[in-house]
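Student: Provided below: entry30.pdb, containing PDB, C-alpha atoms.
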ATOM      1  CA  MET A   1       0.000   0.000   0.000
ATOM      2  CA  ALA A   2       1.361   3.410  -0.994
ATOM      3  CA  THR A   3       1.816   5.967   1.717
ATOM      4  CA  VAL A   4      -0.094   9.211   1.444
ATOM      5  CA  PRO A   5       2.190  12.217   1.746
ATOM      6  CA  VAL A   6       1.514  14.580   4.611
ATOM      7  CA  LEU A   7       0.739  18.072   3.363
ATOM      8  CA  VAL A   8       2.408  20.956   5.162
ATOM      9  CA  SER A   9       2.141  24.706   4.908
ATOM     10  CA  LYS A  10       4.832  26.757   3.261
ATOM     11  CA  ALA A  11       5.614  28.198   6.713
ATOM     12  CA  GLU A  12       6.291  24.685   8.023
ATOM     13  CA  TYR A  13       8.578  24.038   5.054
ATOM     14  CA  GLU A  14      10.387  27.340   5.700
ATOM     15  CA  ALA A  15      10.933  26.397   9.358
ATOM     16  CA  ARG A  16      12.423  23.025   8.400
ATOM     17  CA  ALA A  17      14.695  24.625   5.795
ATOM     18  CA  ALA A  18      15.764  27.309   8.292
ATOM     19  CA  ALA A  19      16.633  24.534  10.767
ATOM     20  CA  GLY A  20      19.119  23.176   8.241
ATOM     21  CA  GLU A  21      17.177  20.420   6.506
ATOM     22  CA  ARG A  22      18.054  19.962   2.796
ATOM     23  CA  VAL A  23      14.493  20.100   1.472
ATOM     24  CA  GLU A  24      12.423  21.457  -1.390
ATOM     25  CA  TYR A  25       8.709  22.230  -1.516
ATOM     26  CA  SER A  26       6.071  21.033  -4.026
ATOM     27  CA  ASP A  27       2.401  21.819  -3.584
ATOM     28  CA  GLY A  28       2.421  21.209   0.164
ATOM     29  CA  ILE A  29       4.850  18.294   0.120
ATOM     30  CA  VAL A  30       8.333  18.580   1.591
ATOM     31  CA  GLU A  31      10.853  16.641  -0.479
ATOM     32  CA  ALA A  32      14.274  15.707   0.876
ATOM     33  CA  MET A  33      17.185  16.644  -1.359
ATOM     34  CA  PRO A  34      19.632  13.779  -1.827
ATOM     35  CA  ASN A  35      23.107  13.943  -0.388
ATOM     36  CA  ASN A  36      25.378  14.119  -3.371
ATOM     37  CA  ASP A  37      28.496  12.141  -4.126
ATOM     38  CA  SER A  38      31.921  13.556  -4.905
ATOM     39  CA  VAL A  39      31.507  13.349  -8.708
ATOM     40  CA  HIS A  40      28.272  15.329  -8.474
ATOM     41  CA  ASP A  41      29.908  17.969  -6.275
ATOM     42  CA  ILE A  42      33.010  18.219  -8.493
ATOM     43  CA  LEU A  43      30.872  18.744 -11.606
ATOM     44  CA  LYS A  44      28.751  21.326  -9.787
ATOM     45  CA  GLY A  45      31.838  23.265  -8.700
ATOM     46  CA  ARG A  46      33.544  22.955 -12.082
ATOM     47  CA  LEU A  47      30.467  24.216 -13.951
ATOM     48  CA  ALA A  48      29.961  27.142 -11.595
ATOM     49  CA  THR A  49      33.625  28.150 -11.877
ATOM     50  CA  LEU A  50      33.718  27.880 -15.671
ATOM     51  CA  LEU A  51      30.464  29.808 -16.032
ATOM     52  CA  ALA A  52      31.614  32.564 -13.666
ATOM     53  CA  ARG A  53      34.850  32.936 -15.662
ATOM     54  CA  GLY A  54      33.059  32.922 -19.012
ATOM     55  CA  LEU A  55      30.216  35.327 -18.303
ATOM     56  CA  PRO A  56      30.119  39.074 -17.707
ATOM     57  CA  GLU A  57      30.731  40.249 -14.149
ATOM     58  CA  THR A  58      27.083  41.278 -13.923
ATOM     59  CA  ALA A  59      25.989  37.618 -14.155
ATOM     60  CA  LEU A  60      25.458  35.786 -10.897
ATOM     61  CA  VAL A  61      26.394  32.077 -10.831
ATOM     62  CA  VAL A  62      25.265  30.167  -7.748
ATOM     63  CA  ASN A  63      25.115  26.607  -6.407
ATOM     64  CA  GLU A  64      21.934  25.264  -4.812
ATOM     65  CA  MET A  65      20.350  28.665  -4.230
ATOM     66  CA  ALA A  66      16.675  28.479  -3.264
ATOM     67  CA  PHE A  67      14.216  29.784  -5.852
ATOM     68  CA  ASP A  68      10.513  30.341  -5.278
ATOM     69  CA  VAL A  69       9.840  29.199  -8.843
ATOM     70  CA  THR A  70       6.125  29.465  -8.141
ATOM     71  CA  PRO A  71       4.318  30.170  -4.870
ATOM     72  CA  ALA A  72       3.879  26.393  -4.479
ATOM     73  CA  HIS A  73       7.332  25.238  -5.662
ATOM     74  CA  VAL A  74      10.749  25.901  -4.126
ATOM     75  CA  ARG A  75      13.705  24.453  -6.029
ATOM     76  CA  HIS A  76      17.473  24.436  -5.527
ATOM     77  CA  PRO A  77      19.078  23.836  -8.944
ATOM     78  CA  ASP A  78      22.602  22.424  -8.692
ATOM     79  CA  VAL A  79      23.890  25.475 -10.575
ATOM     80  CA  ALA A  80      21.896  28.538 -11.598
ATOM     81  CA  VAL A  81      22.734  31.597 -13.672
ATOM     82  CA  LEU A  82      20.981  34.908 -13.070
ATOM     83  CA  LEU A  83      21.567  37.387 -15.873
ATOM     84  CA  LYS A  84      18.995  40.014 -14.950
ATOM     85  CA  PRO A  85      19.167  41.938 -11.687
ATOM     86  CA  ARG A  86      16.890  40.403  -9.077
ATOM     87  CA  ARG A  87      15.726  41.847  -5.827
ATOM     88  CA  MET A  88      17.599  40.016  -3.097
ATOM     89  CA  GLN A  89      16.418  40.253   0.481
ATOM     90  CA  GLU A  90      17.889  38.586   3.492
ATOM     91  CA  GLY A  91      15.699  35.733   4.624
ATOM     92  CA  ARG A  92      13.803  35.579   1.296
ATOM     93  CA  LYS A  93      14.203  33.333  -1.706
ATOM     94  CA  VAL A  94      14.779  34.523  -5.246
ATOM     95  CA  GLN A  95      11.414  34.878  -6.973
ATOM     96  CA  GLY A  96      10.899  33.006 -10.250
ATOM     97  CA  ALA A  97      13.173  30.640 -12.131
ATOM     98  CA  PRO A  98      16.788  31.452 -12.995
ATOM     99  CA  GLU A  99      17.537  32.271 -16.625
ATOM    100  CA  LEU A 100      19.625  29.077 -16.753
ATOM    101  CA  ALA A 101      19.093  26.120 -14.416
ATOM    102  CA  ILE A 102      21.553  23.226 -14.396
ATOM    103  CA  GLU A 103      20.729  19.864 -12.862
ATOM    104  CA  ILE A 104      23.349  17.156 -12.382
ATOM    105  CA  VAL A 105      21.772  13.714 -12.444
ATOM    106  CA  SER A 106      22.174  11.561  -9.333
ATOM    107  CA  ASP A 107      21.613   7.810  -9.127
ATOM    108  CA  SER A 108      18.376   8.416  -7.217
ATOM    109  CA  ASP A 109      16.854  10.702  -9.895
ATOM    110  CA  THR A 110      14.029   9.269 -11.989
ATOM    111  CA  ALA A 111      12.951  10.369 -15.460
ATOM    112  CA  GLU A 112       9.657  11.603 -14.024
ATOM    113  CA  TYR A 113      11.494  13.647 -11.376
ATOM    114  CA  LEU A 114      13.843  15.241 -13.940
ATOM    115  CA  ASP A 115      11.050  15.953 -16.436
ATOM    116  CA  GLY A 116       9.059  17.678 -13.701
ATOM    117  CA  ARG A 117      11.993  19.909 -12.790
ATOM    118  CA  ILE A 118      12.731  20.797 -16.420
ATOM    119  CA  GLU A 119       9.097  21.666 -17.142
ATOM    120  CA  LEU A 120       8.759  23.685 -13.937
ATOM    121  CA  TYR A 121      11.800  25.820 -14.790
ATOM    122  CA  LEU A 122      10.913  26.288 -18.471
ATOM    123  CA  ASN A 123       7.244  27.066 -17.779
ATOM    124  CA  ASN A 124       8.212  29.725 -15.234
ATOM    125  CA  GLY A 125      10.802  31.852 -16.986
ATOM    126  CA  ALA A 126      13.974  29.818 -17.461
ATOM    127  CA  GLN A 127      15.407  30.290 -20.925
ATOM    128  CA  ALA A 128      17.253  26.965 -20.732
ATOM    129  CA  VAL A 129      17.830  23.938 -18.540
ATOM    130  CA  TRP A 130      21.004  21.911 -18.881
ATOM    131  CA  VAL A 131      20.929  18.377 -17.532
ATOM    132  CA  VAL A 132      24.331  16.795 -16.919
ATOM    133  CA  TRP A 133      24.604  12.997 -16.982
ATOM    134  CA  PRO A 134      27.917  12.069 -15.274
ATOM    135  CA  ARG A 135      27.864   8.346 -16.088
ATOM    136  CA  ALA A 136      27.049   8.933 -19.766
ATOM    137  CA  ARG A 137      29.387  11.961 -19.918
ATOM    138  CA  ARG A 138      26.578  13.809 -21.656
ATOM    139  CA  MET A 139      24.793  17.124 -21.371
ATOM    140  CA  ASP A 140      21.206  17.649 -22.522
ATOM    141  CA  ILE A 141      20.064  21.124 -23.538
ATOM    142  CA  HIS A 142      16.374  21.959 -22.994
ATOM    143  CA  GLN A 143      14.812  25.200 -24.250
ATOM    144  CA  PRO A 144      11.175  26.253 -24.520
ATOM    145  CA  GLY A 145       9.595  25.045 -27.755
ATOM    146  CA  GLN A 146      12.784  23.339 -28.975
ATOM    147  CA  PRO A 147      13.726  19.672 -29.232
ATOM    148  CA  THR A 148      16.153  18.420 -26.601
ATOM    149  CA  ARG A 149      19.757  18.278 -27.796
ATOM    150  CA  HIS A 150      22.214  15.694 -26.439
ATOM    151  CA  LEU A 151      25.917  16.631 -26.367
ATOM    152  CA  ARG A 152      28.436  13.843 -25.866
ATOM    153  CA  GLY A 153      31.502  15.815 -26.806
ATOM    154  CA  GLY A 154      32.568  18.828 -28.775
ATOM    155  CA  ILE A 155      32.169  22.457 -27.861
ATOM    156  CA  LEU A 156      29.116  23.992 -26.258
ATOM    157  CA  SER A 157      28.880  27.597 -27.467
ATOM    158  CA  GLY A 158      26.351  30.173 -28.555
ATOM    159  CA  GLU A 159      23.700  28.749 -26.235
ATOM    160  CA  ILE A 160      20.793  30.865 -25.093
ATOM    161  CA  PRO A 161      20.859  32.533 -22.559
ATOM    162  CA  VAL A 162      24.680  32.563 -22.342
ATOM    163  CA  PRO A 163      25.869  32.863 -25.987
ATOM    164  CA  GLN A 164      29.316  34.136 -24.976
ATOM    165  CA  PHE A 165      30.042  31.020 -22.873
ATOM    166  CA  ARG A 166      32.173  28.231 -24.381
ATOM    167  CA  LEU A 167      32.706  24.819 -22.869
ATOM    168  CA  ASP A 168      34.619  21.835 -24.151
ATOM    169  CA  ILE A 169      32.415  18.995 -22.925
ATOM    170  CA  ALA A 170      35.504  16.804 -22.371
ATOM    171  CA  ASP A 171      36.910  19.458 -20.004
ATOM    172  CA  LEU A 172      33.734  19.346 -17.942
ATOM    173  CA  PHE A 173      34.015  15.617 -17.293
ATOM    174  CA  GLY A 174      37.802  15.525 -17.197
ATOM    175  CA  ARG A 175      39.985  13.965 -19.811
ATOM    176  CA  ASP A 176      40.864  10.338 -19.239
TER     177      ASP A 176
END
Output the structure of this file as structure tokens.
Tutor:
Amino acid sequence: MATVPVLVSKAEYEARAAAGERVEYSDGIVEAMPNNDSVHDILKGRLATLLARGLPETALVVNEMAFDVTPAHVRHPDVAVLLKPRRMQEGRKVQGAPELAIEIVSDSDTAEYLDGRIELYLNNGAQAVWVVWPRARRMDIHQPGQPTRHLRGGILSGEIPVPQFRLDIADLFGRD
């Protein structure tokens, strides 16, 4: 028998997050964020560093920042790029989706879970979502109204919303 999730208020979610729990919020359900492995964390750091170096100083590149994507959905993309100035207030989350959200796939992620995240970001203002598959050494590029592109090598460049950014996919995963 499947368990019925317990619905909580956004205030209850906020209290748990403030107490240090790694959680996200979806329509009244608190979802635990997985603890990541070293490969996941290395890719997250490498991407954030390369993006910060390759984008204008006005761009903000962050890891696991909380976004109130909608009033009922709080997400922490592995890496996010903010290109437009956003109102930042202490104790408040960034409103809306980042211009670019990057998710690094963990062993516990399901296709349904990833699809939901991609759609949530794209339907709420993200111009692109990059999904990084460490085991496959692949990056998928998702943009509104466009087919998904799968990159298994070569150079990533000219991508909306960061056309000035260049990345050798092999450099991201490390050369063997």
Student: Could you work out an axis-aligned box for region 66-80 of chain A, taking every atom the file lists and adding 5 Å on each side, and report centre and edge lengths in Å to one decimal, as JSON?
Tutor:
{"center_x": 13.9, "center_y": 26.4, "center_z": -7.4, "size_x": 30.0, "size_y": 17.9, "size_z": 18.3}
Student: Taking into account all atoms listed in the file, which residue in the set A:Met33, A:Ala97, A:Ile104, A:Ala170 is nearest to Gly20 (chain A)?
Tutor: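 Once distances to Gly20 (chain A) are computed over all atoms listed in the file, the minimum belongs to A:Met33.
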Student: Contacts of Tyr13 (chain A) at 9 Å or less, counting all atoms listed in the file, minus same-chain residues fewer than 2 places along, as number ranges by chain?
Tutor: A: 8-11, 15-18, 23-25, 28-30
Student: Considering only C-alpha atoms, can you say which of A:Val105, A:Pro34, A:Val162, A:Ala66 comes closest to Lys84 (chain A)?
Tutor: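 Selected residue with least distance to Lys84 (chain A): A:Val162.
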Student: Starting from the shown file, work through the PyMOL selection byres ((chain A and resi 65) around 9) and note down what comes out as a list in words.
Tutor: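 In the shown coordinates, the PyMOL selection byres ((chain A and resi 65) around 9) covers Val62, Asn63, Glu64, Ala66, Phe67, Arg75, His76, Pro77, Asp78, Val79, Ala80, Lys93 and Val94 of chain A.
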Student: Between CA of Pro5 (chain A) and CA of Val132 (chain A), what distance in Å does the model show, to one decimal?
Tutor: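 Value for the CA of Pro5 (chain A)-CA of Val132 (chain A) distance: 29.3 Å.
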Student: Specify as JSON, numbers by chain each residue included when the PyMOL selection byres ((chain A and resi 54) around 8) is applied to this file.
Tutor: {"A": [50, 51, 52, 53, 55, 56, 164, 165, 166]}
Student: Print the selection's residues with C-alpha atoms to a file, as an mmCIF file, keeping the file's coordinate frame.
Tutor:
data_model
loop_
_atom_site.group_PDB
_atom_site.id
_atom_site.type_symbol
_atom_site.label_atom_id
_atom_site.label_comp_id
_atom_site.auth_asym_id
_atom_site.auth_seq_id
_atom_site.Cartn_x
_atom_site.Cartn_y
_atom_site.Cartn_z
ATOM 1 C CA LEU A 50 33.718 27.880 -15.671
ATOM 2 C CA LEU A 51 30.464 29.808 -16.032
ATOM 3 C CA ALA A 52 31.614 32.564 -13.666
ATOM 4 C CA ARG A 53 34.850 32.936 -15.662
ATOM 5 C CA LEU A 55 30.216 35.327 -18.303
ATOM 6 C CA PRO A 56 30.119 39.074 -17.707
ATOM 7 C CA GLN A 164 29.316 34.136 -24.976
ATOM 8 C CA PHE A 165 30.042 31.020 -22.873
ATOM 9 C CA ARG A 166 32.173 28.231 -24.381
#
Student: Smallest atom-to-atom distance to Glu103 (chain A): which of A:His40, A:Gly154, A:Pro147, A:Leu82, using only C-alpha atoms?
Tutor: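 Among the listed residues, A:His40 lies closest to Glu103 (chain A).
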Student: Could you check which of A:Arg86, A:Ile42, A:His73, A:Gln127 is closest to Thr58 (chain A), using all atoms listed in the file?
Tutor: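 Going through A:Arg86, A:Ile42, A:His73, A:Gln127 one by one, the smallest distance to Thr58 (chain A) is for A:Arg86.
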Student: Could you tell me which of A:Leu100, A:Val69, A:Ile141, A:Leu167 comes closest to Ala126 (chain A) if we count all atoms listed in the file?
Tutor: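 Once distances to Ala126 (chain A) are computed over all atoms listed in the file, the minimum belongs to A:Leu100.
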Student: From the set A:Met139, A:Glu57, A:Arg46, A:Ser26, which residue has the shortest atom-to-atom contact distance to Gly116 (chain A), counting all atoms listed in the file?
Tutor: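 Distance minimum relative to Gly116 (chain A) lands on A:Ser26.
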Student: List every protein, DNA or RNA residue with an atom no more than 9 Å from (13.5, 30.4, -25.7) in the file's coordinates, counting all atoms listed in the file, and format the result as a list in words.
Tutor: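 Residues close enough to count: Leu122, Ala126, Gln127, Ala128, Gln143, Pro144, Gly145, Gln146, Ile160 and Pro161 of chain A.
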Student: Measure the distance from CA of Leu151 (chain A) to CA of Leu43 (chain A) in Å and round it to one decimal.
Tutor: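 These two atoms are separated by 15.7 Å.
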Student: Counting all atoms listed in the file, select every polymer residue within 12 Å of (37.1, 9.7, -16.5) as defined in the file's coordinates, and provide the selection as a list of chain:residue names.
Tutor: A:Val39, A:Pro134, A:Arg135, A:Ala136, A:Arg137, A:Ala170, A:Asp171, A:Leu172, A:Phe173, A:Gly174, A:Arg175, A:Asp176
Student: Enter the distance from CA of Ser108 (chain A) to CA of Arg22 (chain A), in Å, rounded to one decimal.
Tutor: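 Taking CA of Ser108 (chain A) as the start and CA of Arg22 (chain A) as the end point, the length is 15.3 Å.
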Student: Take region 70-154 of chain A from the block and save it with C-alpha atoms, as a PDB file, in the first residue's frame.
Tutor:
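Resulting contents of part09.pdb:
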ATOM      1  CA  THR A  70       6.125  29.465  -8.141  1.00  0.00           C
ATOM      2  CA  PRO A  71       4.318  30.170  -4.870  1.00  0.00           C
ATOM      3  CA  ALA A  72       3.879  26.393  -4.479  1.00  0.00           C
ATOM      4  CA  HIS A  73       7.332  25.238  -5.662  1.00  0.00           C
ATOM      5  CA  VAL A  74      10.749  25.901  -4.126  1.00  0.00           C
ATOM      6  CA  ARG A  75      13.705  24.453  -6.029  1.00  0.00           C
ATOM      7  CA  HIS A  76      17.473  24.436  -5.527  1.00  0.00           C
ATOM      8  CA  PRO A  77      19.078  23.836  -8.944  1.00  0.00           C
ATOM      9  CA  ASP A  78      22.602  22.424  -8.692  1.00  0.00           C
ATOM     10  CA  VAL A  79      23.890  25.475 -10.575  1.00  0.00           C
ATOM     11  CA  ALA A  80      21.896  28.538 -11.598  1.00  0.00           C
ATOM     12  CA  VAL A  81      22.734  31.597 -13.672  1.00  0.00           C
ATOM     13  CA  LEU A  82      20.981  34.908 -13.070  1.00  0.00           C
ATOM     14  CA  LEU A  83      21.567  37.387 -15.873  1.00  0.00           C
ATOM     15  CA  LYS A  84      18.995  40.014 -14.950  1.00  0.00           C
ATOM     16  CA  PRO A  85      19.167  41.938 -11.687  1.00  0.00           C
ATOM     17  CA  ARG A  86      16.890  40.403  -9.077  1.00  0.00           C
ATOM     18  CA  ARG A  87      15.726  41.847  -5.827  1.00  0.00           C
ATOM     19  CA  MET A  88      17.599  40.016  -3.097  1.00  0.00           C
ATOM     20  CA  GLN A  89      16.418  40.253   0.481  1.00  0.00           C
ATOM     21  CA  GLU A  90      17.889  38.586   3.492  1.00  0.00           C
ATOM     22  CA  GLY A  91      15.699  35.733   4.624  1.00  0.00           C
ATOM     23  CA  ARG A  92      13.803  35.579   1.296  1.00  0.00           C
ATOM     24  CA  LYS A  93      14.203  33.333  -1.706  1.00  0.00           C
ATOM     25  CA  VAL A  94      14.779  34.523  -5.246  1.00  0.00           C
ATOM     26  CA  GLN A  95      11.414  34.878  -6.973  1.00  0.00           C
ATOM     27  CA  GLY A  96      10.899  33.006 -10.250  1.00  0.00           C
ATOM     28  CA  ALA A  97      13.173  30.640 -12.131  1.00  0.00           C
ATOM     29  CA  PRO A  98      16.788  31.452 -12.995  1.00  0.00           C
ATOM     30  CA  GLU A  99      17.537  32.271 -16.625  1.00  0.00           C
ATOM     31  CA  LEU A 100      19.625  29.077 -16.753  1.00  0.00           C
ATOM     32  CA  ALA A 101      19.093  26.120 -14.416  1.00  0.00           C
ATOM     33  CA  ILE A 102      21.553  23.226 -14.396  1.00  0.00           C
ATOM     34  CA  GLU A 103      20.729  19.864 -12.862  1.00  0.00           C
ATOM     35  CA  ILE A 104      23.349  17.156 -12.382  1.00  0.00           C
ATOM     36  CA  VAL A 105      21.772  13.714 -12.444  1.00  0.00           C
ATOM     37  CA  SER A 106      22.174  11.561  -9.333  1.00  0.00           C
ATOM     38  CA  ASP A 107      21.613   7.810  -9.127  1.00  0.00           C
ATOM     39  CA  SER A 108      18.376   8.416  -7.217  1.00  0.00           C
ATOM     40  CA  ASP A 109      16.854  10.702  -9.895  1.00  0.00           C
ATOM     41  CA  THR A 110      14.029   9.269 -11.989  1.00  0.00           C
ATOM     42  CA  ALA A 111      12.951  10.369 -15.460  1.00  0.00           C
ATOM     43  CA  GLU A 112       9.657  11.603 -14.024  1.00  0.00           C
ATOM     44  CA  TYR A 113      11.494  13.647 -11.376  1.00  0.00           C
ATOM     45  CA  LEU A 114      13.843  15.241 -13.940  1.00  0.00           C
ATOM     46  CA  ASP A 115      11.050  15.953 -16.436  1.00  0.00           C
ATOM     47  CA  GLY A 116       9.059  17.678 -13.701  1.00  0.00           C
ATOM     48  CA  ARG A 117      11.993  19.909 -12.790  1.00  0.00           C
ATOM     49  CA  ILE A 118      12.731  20.797 -16.420  1.00  0.00           C
ATOM     50  CA  GLU A 119       9.097  21.666 -17.142  1.00  0.00           C
ATOM     51  CA  LEU A 120       8.759  23.685 -13.937  1.00  0.00           C
ATOM     52  CA  TYR A 121      11.800  25.820 -14.790  1.00  0.00           C
ATOM     53  CA  LEU A 122      10.913  26.288 -18.471  1.00  0.00           C
ATOM     54  CA  ASN A 123       7.244  27.066 -17.779  1.00  0.00           C
ATOM     55  CA  ASN A 124       8.212  29.725 -15.234  1.00  0.00           C
ATOM     56  CA  GLY A 125      10.802  31.852 -16.986  1.00  0.00           C
ATOM     57  CA  ALA A 126      13.974  29.818 -17.461  1.00  0.00           C
ATOM     58  CA  GLN A 127      15.407  30.290 -20.925  1.00  0.00           C
ATOM     59  CA  ALA A 128      17.253  26.965 -20.732  1.00  0.00           C
ATOM     60  CA  VAL A 129      17.830  23.938 -18.540  1.00  0.00           C
ATOM     61  CA  TRP A 130      21.004  21.911 -18.881  1.00  0.00           C
ATOM     62  CA  VAL A 131      20.929  18.377 -17.532  1.00  0.00           C
ATOM     63  CA  VAL A 132      24.331  16.795 -16.919  1.00  0.00           C
ATOM     64  CA  TRP A 133      24.604  12.997 -16.982  1.00  0.00           C
ATOM     65  CA  PRO A 134      27.917  12.069 -15.274  1.00  0.00           C
ATOM     66  CA  ARG A 135      27.864   8.346 -16.088  1.00  0.00           C
ATOM     67  CA  ALA A 136      27.049   8.933 -19.766  1.00  0.00           C
ATOM     68  CA  ARG A 137      29.387  11.961 -19.918  1.00  0.00           C
ATOM     69  CA  ARG A 138      26.578  13.809 -21.656  1.00  0.00           C
ATOM     70  CA  MET A 139      24.793  17.124 -21.371  1.00  0.00           C
ATOM     71  CA  ASP A 140      21.206  17.649 -22.522  1.00  0.00           C
ATOM     72  CA  ILE A 141      20.064  21.124 -23.538  1.00  0.00           C
ATOM     73  CA  HIS A 142      16.374  21.959 -22.994  1.00  0.00           C
ATOM     74  CA  GLN A 143      14.812  25.200 -24.250  1.00  0.00           C
ATOM     75  CA  PRO A 144      11.175  26.253 -24.520  1.00  0.00           C
ATOM     76  CA  GLY A 145       9.595  25.045 -27.755  1.00  0.00           C
ATOM     77  CA  GLN A 146      12.784  23.339 -28.975  1.00  0.00           C
ATOM     78  CA  PRO A 147      13.726  19.672 -29.232  1.00  0.00           C
ATOM     79  CA  THR A 148      16.153  18.420 -26.601  1.00  0.00           C
ATOM     80  CA  ARG A 149      19.757  18.278 -27.796  1.00  0.00           C
ATOM     81  CA  HIS A 150      22.214  15.694 -26.439  1.00  0.00           C
ATOM     82  CA  LEU A 151      25.917  16.631 -26.367  1.00  0.00           C
ATOM     83  CA  ARG A 152      28.436  13.843 -25.866  1.00  0.00           C
ATOM     84  CA  GLY A 153      31.502  15.815 -26.806  1.00  0.00           C
ATOM     85  CA  GLY A 154      32.568  18.828 -28.775  1.00  0.00           C
TER      86      GLY A 154
END
